[in-house]
Structures are given as structure tokens and as C-alpha cells.
>>> print(open('data_23.txt').read())   # compact mmCIF, C-alpha atoms and all ligand atoms
# COMPACT_ATOMS: atom_id res chain seq x y z
CA MET O 323 69.34 215.04 40.54
CA GLU O 324 69.33 213.08 37.30
CA LYS O 325 69.24 215.18 34.18
CA LYS O 326 66.22 214.94 31.91
CA ILE O 327 66.77 213.19 28.60
CA VAL O 328 66.43 214.88 25.23
CA TYR O 329 66.32 213.01 21.91
CA SER O 330 66.16 214.25 18.35
CA ALA O 331 67.35 213.32 14.89
CA ILE O 332 67.47 214.42 11.28
CA GLN O 333 67.46 212.12 8.25
CA PRO O 334 70.55 212.39 6.04
CA SER O 335 68.19 212.40 3.06
CA GLY O 336 69.52 215.53 1.39
CA ILE O 337 71.32 218.76 2.19
CA PRO O 338 69.75 220.26 5.32
CA THR O 339 67.84 223.50 4.81
CA ILE O 340 67.55 226.55 7.02
CA GLY O 341 64.15 225.01 7.95
CA ASN O 342 65.94 222.08 9.58
CA TYR O 343 68.31 224.49 11.24
CA ILE O 344 65.67 226.88 12.58
CA GLY O 345 63.10 224.20 13.45
CA SER O 346 65.48 221.79 15.08
CA VAL O 347 69.29 222.10 15.39
CA ARG O 348 69.20 225.70 16.61
CA ASN O 349 66.88 224.69 19.47
CA TRP O 350 69.16 221.87 20.52
CA LEU O 351 72.00 224.25 21.35
CA SER O 352 70.61 225.56 24.62
CA LEU O 353 69.29 222.12 25.62
CA GLN O 354 72.73 220.53 25.59
CA GLU O 355 73.73 222.70 28.56
CA ASP O 356 71.06 221.38 30.92
CA TYR O 357 69.95 217.98 29.62
CA ASP O 358 71.39 214.62 28.74
CA CYS O 359 71.05 214.89 24.95
CA PHE O 360 71.10 212.26 22.21
CA PHE O 361 71.25 213.56 18.63
CA ALA O 362 71.23 211.13 15.72
CA MET O 363 71.69 210.90 11.99
CA ALA O 364 68.52 208.93 11.19
CA ASN O 365 69.89 206.95 8.26
CA LEU O 366 67.54 203.98 8.77
CA HIS O 367 64.69 206.39 8.10
CA ALA O 368 66.41 207.74 4.99
CA ILE O 369 66.05 204.52 2.96
CA THR O 370 62.24 204.63 3.06
CA VAL O 371 62.43 206.61 -0.19
CA ARG O 372 64.73 205.66 -3.10
CA HIS O 373 68.31 206.69 -2.43
CA ASP O 374 71.84 206.47 -3.71
CA PRO O 375 74.00 204.40 -1.29
CA ALA O 376 77.25 206.36 -1.81
CA LEU O 377 75.39 209.62 -1.35
CA LEU O 378 73.67 208.38 1.81
CA ARG O 379 77.05 207.53 3.33
CA ARG O 380 78.44 210.96 2.41
CA ARG O 381 75.35 212.86 3.59
CA THR O 382 75.53 211.07 6.93
CA LEU O 383 79.04 212.41 7.59
CA GLU O 384 78.12 215.85 6.25
CA LEU O 385 75.17 216.00 8.63
CA ALA O 386 77.36 215.01 11.59
CA ALA O 387 79.88 217.71 10.65
CA LEU O 388 77.05 220.22 10.28
CA TYR O 389 75.68 219.46 13.75
CA ILE O 390 79.11 220.14 15.23
CA ALA O 391 79.65 223.24 13.07
CA CYS O 392 76.32 224.62 14.33
CA GLY O 393 77.55 224.29 17.89
CA ILE O 394 76.46 220.83 19.00
CA ASP O 395 79.26 219.78 21.34
CA PRO O 396 80.07 216.05 21.13
CA GLU O 397 81.64 216.25 24.58
CA LYS O 398 78.31 217.33 26.06
CA CYS O 399 75.92 215.22 23.97
CA THR O 400 75.78 211.80 22.41
CA LEU O 401 76.09 212.26 18.66
CA TYR O 402 75.72 209.06 16.68
CA VAL O 403 74.55 207.28 13.54
CA GLN O 404 71.27 205.41 14.04
CA SER O 405 72.26 202.28 12.06
CA GLN O 406 75.28 201.75 14.35
CA VAL O 407 72.95 200.97 17.24
CA PRO O 408 71.07 197.78 16.32
CA GLN O 409 68.53 198.17 19.13
CA HIS O 410 66.59 200.73 17.07
CA ALA O 411 65.55 198.11 14.54
CA GLU O 412 65.00 195.52 17.26
CA LEU O 413 62.72 197.72 19.32
CA CYS O 414 60.90 198.83 16.18
CA TRP O 415 60.05 195.22 15.39
CA THR O 416 58.74 194.68 18.90
CA LEU O 417 56.64 197.85 18.82
CA ASN O 418 55.22 196.94 15.42
CA SER O 419 53.03 194.38 17.12
CA LEU O 420 51.49 197.11 19.25
CA THR O 421 50.77 199.45 16.37
CA TYR O 422 47.74 199.33 14.12
CA VAL O 423 47.92 199.62 10.35
CA GLY O 424 45.03 202.12 10.42
CA GLU O 425 47.00 204.46 12.68
CA MET O 426 49.93 204.48 10.29
CA GLU O 427 47.74 205.04 7.24
CA ARG O 428 46.39 208.18 8.87
CA MET O 429 49.80 209.82 9.37
CA THR O 430 50.11 213.07 7.41
CA GLN O 431 53.72 212.51 6.41
CA PHE O 432 52.92 208.99 5.19
CA LYS O 433 50.06 210.30 3.09
CA ASP O 434 52.26 213.07 1.63
CA LYS O 435 55.16 210.77 0.87
CA ALA O 436 52.89 208.07 -0.53
CA ARG O 437 51.46 210.68 -2.89
CA ASN O 438 54.90 211.92 -3.94
CA HIS O 439 56.38 208.43 -4.32
CA ALA O 440 53.35 206.57 -5.61
CA ASP O 441 55.51 203.92 -7.28
CA ASN O 442 57.30 203.08 -4.05
CA ILE O 443 54.85 202.88 -1.14
CA ASN O 444 56.92 200.39 0.81
CA MET O 445 56.53 198.86 4.28
CA GLY O 446 59.37 201.02 5.62
CA LEU O 447 57.59 204.20 4.61
CA MET O 448 54.53 203.13 6.53
CA ASP O 449 56.58 201.90 9.49
CA TYR O 450 58.54 205.16 9.70
CA PRO O 451 56.71 206.47 12.79
CA VAL O 452 57.22 203.19 14.67
CA LEU O 453 60.96 203.36 14.04
CA MET O 454 60.87 206.94 15.25
CA ALA O 455 58.99 205.83 18.37
CA ALA O 456 61.69 203.19 18.93
CA ASP O 457 64.40 205.89 18.62
CA ILE O 458 62.74 208.02 21.23
CA LEU O 459 61.62 205.32 23.68
CA LEU O 460 64.96 203.45 23.70
CA TYR O 461 66.59 206.30 25.60
CA GLN O 462 63.78 206.88 28.13
CA THR O 463 63.40 210.32 26.60
CA ASP O 464 61.60 213.17 28.35
CA LEU O 465 61.71 215.78 25.59
CA VAL O 466 61.79 215.64 21.80
CA PRO O 467 62.69 219.00 20.20
CA VAL O 468 61.29 218.99 16.65
CA GLY O 469 59.60 221.20 14.09
CA GLN O 470 55.83 221.33 13.79
CA ASP O 471 55.63 218.61 11.12
CA GLN O 472 56.93 215.95 13.52
CA THR O 473 54.50 216.50 16.39
CA GLN O 474 52.11 213.87 15.06
CA HIS O 475 54.90 211.30 15.16
CA VAL O 476 55.83 212.20 18.73
CA GLU O 477 52.17 211.83 19.64
CA ILE O 478 52.19 208.28 18.22
CA ALA O 479 55.37 207.52 20.17
CA ARG O 480 53.51 208.58 23.33
CA ASP O 481 50.52 206.39 22.45
CA ILE O 482 52.74 203.38 21.82
CA ALA O 483 54.63 203.93 25.10
CA ILE O 484 51.40 204.14 27.06
CA ARG O 485 50.00 201.08 25.30
CA PHE O 486 53.14 199.07 26.04
CA ASN O 487 53.20 200.17 29.69
CA ASN O 488 49.54 199.19 30.09
CA ARG O 489 50.03 195.80 28.54
CA TYR O 490 53.38 194.78 30.02
CA GLY O 491 53.88 197.03 33.05
CA GLU O 492 55.78 200.29 33.48
CA THR O 493 58.67 200.20 31.00
CA PHE O 494 58.89 203.42 29.01
CA ARG O 495 58.95 207.03 30.04
CA VAL O 496 56.25 208.88 28.07
CA PRO O 497 57.97 211.63 26.02
CA GLU O 498 56.79 215.09 25.13
CA ALA O 499 57.39 217.11 21.97
CA LEU O 500 59.15 220.42 22.41
CA VAL O 501 58.15 222.81 19.65
CA ARG O 502 59.26 226.42 19.74
CA LYS O 503 56.55 228.79 18.62
CA GLN O 504 58.82 230.91 16.46
CA GLY O 505 60.25 229.09 13.44
CA ALA O 506 58.44 225.77 13.99
CA LYS O 507 57.43 225.80 10.33
CA ILE O 508 59.65 227.58 7.84
CA CYS O 509 57.98 227.60 4.43
CA SER O 510 59.09 227.32 0.84
CA LEU O 511 60.33 230.58 -0.70
CA GLN O 512 58.33 229.87 -3.85
CA ASP O 513 55.16 228.57 -2.22
CA PRO O 514 54.86 229.95 1.30
CA LEU O 515 51.96 227.63 2.10
CA LYS O 516 54.24 224.60 1.74
CA LYS O 517 56.94 223.47 4.20
CA MET O 518 60.54 224.11 3.17
CA SER O 519 62.05 220.66 2.81
CA LYS O 520 65.44 219.21 1.97
CA SER O 521 64.03 216.73 -0.53
CA GLY O 522 61.72 219.01 -2.51
CA GLU O 523 62.13 219.10 -6.27
CA ASN O 524 62.62 222.85 -6.86
CA PRO O 525 65.93 224.09 -5.37
CA ASN O 526 64.56 227.65 -5.34
CA ASP O 527 62.06 226.58 -2.66
CA SER O 528 64.80 226.12 -0.09
CA ILE O 529 67.94 227.71 1.26
CA PHE O 530 70.36 224.86 1.81
CA MET O 531 72.89 225.13 4.60
CA THR O 532 75.66 224.84 1.98
CA ASP O 533 74.35 227.52 -0.42
CA ASP O 534 76.90 230.24 -1.19
CA ARG O 535 76.26 233.95 -0.72
CA ASP O 536 75.24 234.68 -4.32
CA THR O 537 72.83 231.76 -4.39
CA ILE O 538 71.27 232.83 -1.09
CA LEU O 539 70.83 236.45 -2.25
CA ARG O 540 69.37 235.30 -5.57
CA LYS O 541 66.88 232.91 -3.96
CA PHE O 542 65.66 235.57 -1.54
CA LYS O 543 65.40 238.12 -4.34
CA ARG O 544 63.13 235.69 -6.21
CA ALA O 545 61.14 234.74 -3.12
CA VAL O 546 57.39 235.10 -3.51
CA THR O 547 55.93 238.00 -1.54
CA ASP O 548 52.33 239.05 -1.23
CA SER O 549 50.17 241.81 -2.64
CA GLY O 550 50.36 245.15 -0.87
CA SER O 551 53.61 246.61 0.31
CA GLU O 552 53.52 246.46 4.10
CA ILE O 553 56.13 244.32 5.86
CA VAL O 554 54.10 242.75 8.65
CA CYS O 555 53.46 239.25 9.93
CA SER O 556 49.88 238.17 9.25
CA GLU O 557 47.89 235.26 7.93
CA GLU O 558 47.05 237.17 4.76
CA LYS O 559 50.76 237.61 4.09
CA PRO O 560 52.32 234.15 4.23
CA GLY O 561 55.30 235.08 2.02
CA VAL O 562 56.32 238.16 3.99
CA SER O 563 55.60 236.42 7.30
CA ASN O 564 57.88 233.55 6.34
CA LEU O 565 60.73 235.90 5.43
CA LEU O 566 60.24 237.78 8.69
CA ALA O 567 60.36 234.51 10.65
CA ILE O 568 63.63 233.59 8.95
CA TYR O 569 65.04 237.04 9.65
CA CYS O 570 64.07 236.85 13.36
CA ALA O 571 65.55 233.38 13.73
CA PHE O 572 68.93 234.45 12.41
CA ARG O 573 68.94 237.87 14.05
CA GLY O 574 67.65 236.62 17.38
CA CYS O 575 65.06 239.40 17.44
CA SER O 576 61.31 239.40 18.01
CA MET O 577 58.70 239.74 15.28
CA ALA O 578 57.71 243.18 16.60
CA GLU O 579 61.31 244.38 16.44
CA ALA O 580 61.68 243.12 12.87
CA GLU O 581 58.41 244.74 11.78
CA ARG O 582 59.53 248.04 13.29
CA GLU O 583 62.90 247.82 11.54
CA PHE O 584 61.29 247.36 8.12
CA SER O 585 58.35 249.68 8.56
CA GLY O 586 58.09 252.00 5.53
CA LYS O 587 60.71 250.03 3.57
CA GLY O 588 60.11 248.27 0.25
CA TYR O 589 60.12 244.56 -0.53
CA GLY O 590 63.40 244.81 -2.48
CA GLU O 591 65.32 246.27 0.43
CA PHE O 592 63.67 243.83 2.86
CA LYS O 593 64.55 240.74 0.83
CA LEU O 594 68.14 241.90 0.44
CA ALA O 595 68.44 242.41 4.22
CA VAL O 596 67.05 238.92 4.92
CA GLY O 597 69.43 237.41 2.35
CA GLU O 598 72.45 239.19 3.77
CA THR O 599 71.58 238.20 7.32
CA VAL O 600 71.27 234.54 6.35
CA ALA O 601 74.43 234.57 4.21
CA ASP O 602 76.43 236.22 7.01
CA ALA O 603 75.20 233.64 9.52
CA LEU O 604 75.83 230.61 7.29
CA SER O 605 79.29 231.48 6.04
CA PRO O 606 81.21 230.64 9.29
CA VAL O 607 79.11 227.48 9.76
CA GLN O 608 80.01 226.33 6.24
CA ALA O 609 83.73 226.94 6.79
CA GLU O 610 83.63 225.02 10.07
CA GLN O 611 81.68 222.15 8.49
CA ALA O 612 84.30 221.83 5.74
CA ARG O 613 87.11 221.85 8.32
CA ILE O 614 85.46 219.11 10.40
CA LEU O 615 84.68 216.98 7.33
CA SER O 616 88.31 217.06 6.26
CA ASP O 617 89.42 215.79 9.68
CA LYS O 618 88.20 212.23 9.17
CA GLU O 619 89.97 210.89 12.23
CA TYR O 620 88.28 213.38 14.55
CA LEU O 621 84.83 212.84 13.06
CA GLY O 622 85.25 209.06 13.07
CA GLY O 623 86.26 209.21 16.74
CA VAL O 624 83.26 211.34 17.70
CA LEU O 625 80.85 208.98 15.96
CA SER O 626 82.35 205.81 17.37
CA ARG O 627 82.30 207.21 20.93
CA GLY O 628 78.73 208.37 20.33
CA ALA O 629 77.63 204.96 19.04
CA GLU O 630 79.20 203.28 22.04
CA ARG O 631 77.42 205.54 24.52
CA ALA O 632 74.10 205.21 22.71
CA PHE O 633 74.51 201.43 22.50
CA LYS O 634 74.92 201.15 26.27
CA ALA O 635 71.81 203.19 27.02
CA ALA O 636 69.76 201.43 24.33
CA ARG O 637 70.82 197.96 25.49
CA LYS O 638 69.51 198.68 28.96
CA THR O 639 66.02 199.57 27.75
CA LEU O 640 65.84 196.81 25.15
CA SER O 641 66.78 194.13 27.64
CA LYS O 642 63.99 195.34 29.93
CA VAL O 643 61.57 195.27 26.99
CA TYR O 644 62.60 191.74 25.99
CA ARG O 645 62.14 190.55 29.57
CA LYS O 646 58.65 192.07 29.77
CA VAL O 647 57.58 190.70 26.39
CA GLY O 648 58.84 187.23 27.26
CA PHE O 649 61.78 186.90 24.88
CA TYR O 650 64.28 184.30 26.06
CA GLN O 651 67.58 186.05 26.87
CA GLY O 652 69.60 183.11 28.20
CA GLU O 653 69.75 181.83 31.76
P1 LIG P 1 62.66 215.36 3.95
O1 LIG P 1 62.38 216.46 2.97
O2 LIG P 1 63.81 214.48 3.57
O3 LIG P 1 61.46 214.60 4.39
P2 LIG P 1 62.83 217.39 5.98
O4 LIG P 1 63.51 218.58 5.38
O5 LIG P 1 61.38 217.47 6.20
O6 LIG P 1 63.22 216.07 5.22
P3 LIG P 1 63.55 215.98 8.37
O7 LIG P 1 64.80 215.19 8.37
O8 LIG P 1 62.29 215.26 8.13
O9 LIG P 1 63.62 217.16 7.32
O10 LIG P 1 63.42 216.83 9.69
C1 LIG P 1 64.43 217.11 10.61
C2 LIG P 1 63.96 218.11 11.62
O11 LIG P 1 63.80 219.40 11.02
C3 LIG P 1 62.61 217.79 12.26
O12 LIG P 1 62.64 218.18 13.63
C4 LIG P 1 61.66 218.66 11.52
O13 LIG P 1 60.50 218.96 12.27
C5 LIG P 1 62.49 219.90 11.28
N1 LIG P 1 62.05 220.61 10.07
C6 LIG P 1 62.10 220.14 8.80
N2 LIG P 1 61.64 221.06 7.94
C7 LIG P 1 61.30 222.14 8.67
C8 LIG P 1 60.74 223.43 8.36
N3 LIG P 1 60.48 223.76 7.11
N4 LIG P 1 60.51 224.29 9.38
C9 LIG P 1 60.80 223.96 10.65
N5 LIG P 1 61.31 222.77 11.02
C10 LIG P 1 61.56 221.86 10.06
N1 LIG P 2 61.38 211.65 11.46
C1 LIG P 2 62.17 212.78 11.89
C2 LIG P 2 63.60 212.45 12.08
C3 LIG P 2 63.69 211.58 13.25
C4 LIG P 2 63.44 211.97 14.60
C5 LIG P 2 63.63 210.77 15.36
C6 LIG P 2 63.12 213.16 15.22
C7 LIG P 2 63.97 210.25 13.24
N2 LIG P 2 63.94 209.77 14.51
C8 LIG P 2 63.44 210.78 16.74
C9 LIG P 2 62.95 213.15 16.61
C10 LIG P 2 63.09 211.98 17.35
C11 LIG P 2 62.00 213.86 10.92
O1 LIG P 2 62.25 214.92 11.30
N3 LIG P 2 61.59 213.58 9.75
>>> encode(input="data_23.txt", output="C-alpha cells")
Amino acid sequence: MEKKIVYSAIQPSGIPTIGNYIGSVRNWLSLQEDYDCFFAMANLHAITVRHDPALLRRRTLELAALYIACGIDPEKCTLYVQSQVPQHAELCWTLNSLTYVGEMERMTQFKDKARNHADNINMGLMDYPVLMAADILLYQTDLVPVGQDQTQHVEIARDIAIRFNNRYGETFRVPEALVRKQGAKICSLQDPLKKMSKSGENPNDSIFMTDDRDTILRKFKRAVTDSGSEIVCSEEKPGVSNLLAIYCAFRGCSMAEAEREFSGKGYGEFKLAVGETVADALSPVQAEQARILSDKEYLGGVLSRGAERAFKAARKTLSKVYRKVGFYQGE
């Protein structure tokens, strides 16, 4: 039986946070055993906000090395850089004509980013979800493992696929988002009502995957907790709940187990335990990432094999799309 197809990506727009790890990469690990997985560095998406070209190039390689250091196996999955497969931009253009401006204006991420980058509300920023739909649909994807914040974009990808299929005949498989309940939204350590994000302005909001032990312990020590002293997960305690979610993700335990472990303990002790757990988990990943990054030949080989495999799969879908739309492809 043919394996189901999984697609996901992260933008190399900054240093990934433990939010990216918990909400996405970590969930990809088990999928690579049973599915045909494509994981990308979404660098085309990363230029929709102002960026530094040299840094973008470096962050792209760092992200690839991080994926592998976290356990993504390039022998089992297709790991590649989005801009190396030209069909993404080509399909995006085609899908643009099936997408309404009003739909894009309503996207939460667009509204947030437009607010935060008011001097640079460019066409790419608005087109972001269509490019993401192209990423997903090019590979005839079944499942898209993402964090909570991306579900609206996967929904749009589904709508566009259905719209295309209705207009031109069955062409795309209609994908589904795969969002794990636990850890789907890791929040800022300073403002637990806000998502932890790799491009936020306050570095104390986030634990970056490259933070050293002292930095991690310090950031957790300063993390905002809530009034009262009980260590339980509840809506009235967003700060404590967030720390518990992080702890569970790295410990691999349930919320009930974590609550039991910290019952009767104080916030100070709790925050130190969370910090130590995260630091212990990140330290081997960081060492492995550095090792992979220094082996340029290996990393270059992985990415060029990945791009080649992705290209072949993408070409197949795009040629079908071009035929259906009526684009001349030679006799
Ligand atoms: P940026 O700040 O540059 O917009 P980001 O940190 O939001 O980036 P993305 O590249 O947009 O990260 O997201 C990559 C993946 O990580 C997506 O699947 C997204 O849902 C997931 N993700 C990002 N932040 C979190 C978070 N705080 N909690 C859980 N999942 C997250
Ligand atoms: N927009 C996503 C990154 C991304 C993505 C994708 C995720 C780009 N293309 C395709 C899943 C499938 C984000 O997380 N900001």
C-alpha cells in the first residue's frame, strides 16, 4: 500500500524556539517512520518581512542542521530548501487566480504581521497563505503537522484545493492539519497570553534552541507566573500552565503526572526544574547541530538530494495542473 504523504516546513526567519520544536519538529519524528515525509526550510516565506540576505542564507543551513540534530533522518524523509524547487512559486502564481483578496485580508497572521510591520505591508505578506497552499498541494499531501497558529492556513489550502478540483477536475488531494493537543501553542515566558515566536522583539519571551544553560535557567527564573502558589494547569493560570506544558513536552510525561510531581512545591523550585529539564534536553541537540553545520559537504549533499527528490514529485503535480488550466507545455 502506498504510504500517506506528510508535509511541513519552518521559515528560517530567526533562531527556532522551543515553541517551534514542541509544536512542530518533535511531532515529525514519529511520522517519518510510517509516512512519506517532506520537510522544508521555507525561505521564500521568510522574505515577506525585511531580512538580511547573508543571515537568511546562514539561518537556512542552521535550520537544516537543527532538523537533523533533532532526529529528522534525511534517509527516511525529503529534507530540502523551498527556493531550490521552482514549482512552489509557479503553483503559487496559478493558485493566486483562485484566491480572493478578502480571504487573505481576513487571515489572523496577516493581520498580526501587518500591524507589526505597518511600513512594509507587501504583496508577499498577503500572499503568504497561497504560497503555503502551493507547498502543501504540490506533494499531494495527506497530513500537515503544525502548531495551532497555522491551522487557519491549512484550512485555506483545503479550500483552494477543493475550489481547483471543482473548477478543473480532480487534481489535488485535500490535506488535513495534524495538531497535537499538548504543546500546540507554547506561550511567551513574559506574556503567557502571547505565542512564543522566533521573531519577537524581547529575547526573554522565548527560549531559543541555541540558548546556553545559564541563559535558559535565567529566562525560566524570570518567567511570569500567576498569583497564588499552586502548580496546576488551568485557564486562570496561563503562566504556570505554559511552564507545565513545556515541562511535559521535554519530559514526555502527562499533565497529571507533572502536577503530582510539583504538588506542594514552590514556584522557585518548579521554575528551576523546568529550566534544568530544558537545558539537559537541548545540550546534546546543540552539540549535534554544531557538528552537522561544520560538515558542509554532508549537509550540502543532503540538501541537494532532497531538492532533487522534491523537484521530481513537484514536477509531476505541476505538469498536471498546467494541463488542466490550459497552459501550453509543448507538443
Ligand atoms: P515567526 O516568528 O518568524 O513568524 P514562528 O516562530 O511563528 O515564526 P514559524 O516558522 O511560523 O515560527 O512556524 C513553524 C512551525 O512551528 C509551525 O508549525 C508553527 O505552528 C509552529 N510553532 C511556532 N510557534 C509555536 C508555538 N509558540 N507553539 C507551538 N507551535 C509553534
Ligand atoms: N507558514 C508556516 C511555515 C510553512 C509551512 C508550509 C507549514 C511554510 N510552508 C507548509 C506547513 C506546510 C509557518 O509555520 N509559519
>>> residues_near_ligand(input="data_23.txt", ligand="ligand LIG 1 (chain P)", cutoff="8 Å", atoms="all atoms listed in the file", output="ChimeraX atom specification")
/O:330-336,338-347,364,368,467-473,505-510,517-522
>>> write_last_selection(input="data_23.txt", atoms="C-alpha atoms", output="compact mmCIF listing (two decimals), in the coordinates of the input")
# COMPACT_ATOMS: atom_id res chain seq x y z
CA SER O 330 66.16 214.25 18.35
CA ALA O 331 67.35 213.32 14.89
CA ILE O 332 67.47 214.42 11.28
CA GLN O 333 67.46 212.12 8.25
CA PRO O 334 70.55 212.39 6.04
CA SER O 335 68.19 212.40 3.06
CA GLY O 336 69.52 215.53 1.39
CA PRO O 338 69.75 220.26 5.32
CA THR O 339 67.84 223.50 4.81
CA ILE O 340 67.55 226.55 7.02
CA GLY O 341 64.15 225.01 7.95
CA ASN O 342 65.94 222.08 9.58
CA TYR O 343 68.31 224.49 11.24
CA ILE O 344 65.67 226.88 12.58
CA GLY O 345 63.10 224.20 13.45
CA SER O 346 65.48 221.79 15.08
CA VAL O 347 69.29 222.10 15.39
CA ALA O 364 68.52 208.93 11.19
CA ALA O 368 66.41 207.74 4.99
CA PRO O 467 62.69 219.00 20.20
CA VAL O 468 61.29 218.99 16.65
CA GLY O 469 59.60 221.20 14.09
CA GLN O 470 55.83 221.33 13.79
CA ASP O 471 55.63 218.61 11.12
CA GLN O 472 56.93 215.95 13.52
CA THR O 473 54.50 216.50 16.39
CA GLY O 505 60.25 229.09 13.44
CA ALA O 506 58.44 225.77 13.99
CA LYS O 507 57.43 225.80 10.33
CA ILE O 508 59.65 227.58 7.84
CA CYS O 509 57.98 227.60 4.43
CA SER O 510 59.09 227.32 0.84
CA LYS O 517 56.94 223.47 4.20
CA MET O 518 60.54 224.11 3.17
CA SER O 519 62.05 220.66 2.81
CA LYS O 520 65.44 219.21 1.97
CA SER O 521 64.03 216.73 -0.53
CA GLY O 522 61.72 219.01 -2.51
>>> closest_residue(input="data_23.txt", among="O:Leu417, O:Met363, O:Ala632, O:Met531", to="Tyr644 of chain O", atoms="all atoms listed in the file")
O:Leu417
>>> atom_distance(input="data_23.txt", atom1="atom CA of Thr493 of chain O", atom2="atom CA of Gly648 of chain O")
13.5 Å
>>> closest_residue(input="data_23.txt", among="O:Leu388, O:Ala440, O:Leu515, O:Leu366", to="ligand LIG 2 (chain P)", atoms="only C-alpha atoms and all ligand atoms")
O:Leu366
>>> residues_around(input="data_23.txt", residues="Ala362 of chain O", least_positions_apart="3", cutoff="6 Å", atoms="all atoms listed in the file", output="short mmCIF file (atom, residue, chain, number, x, y, z; two decimals) with C-alpha atoms, keeping the file's coordinate frame")
data_model
loop_
_atom_site.label_atom_id
_atom_site.label_comp_id
_atom_site.auth_asym_id
_atom_site.auth_seq_id
_atom_site.Cartn_x
_atom_site.Cartn_y
_atom_site.Cartn_z
CA ALA O 331 67.35 213.32 14.89
CA LEU O 401 76.09 212.26 18.66
CA TYR O 402 75.72 209.06 16.68
CA VAL O 403 74.55 207.28 13.54
CA GLN O 404 71.27 205.41 14.04
#
>>> atom_distance(input="data_23.txt", atom1="atom CA of Ala612 of chain O", atom2="atom CA of Glu384 of chain O")
8.6 Å
>>> residues_around(input="data_23.txt", residues="Phe633 of chain O", least_positions_apart="2", cutoff="12 Å", atoms="only C-alpha atoms", output="ChimeraX atom specification")
/O:360,400-410,457,460-461,625-631,635-641
>>> atom_distance(input="data_23.txt", atom1="atom CA of Asp358 of chain O", atom2="atom CA of Gln504 of chain O")
24.0 Å
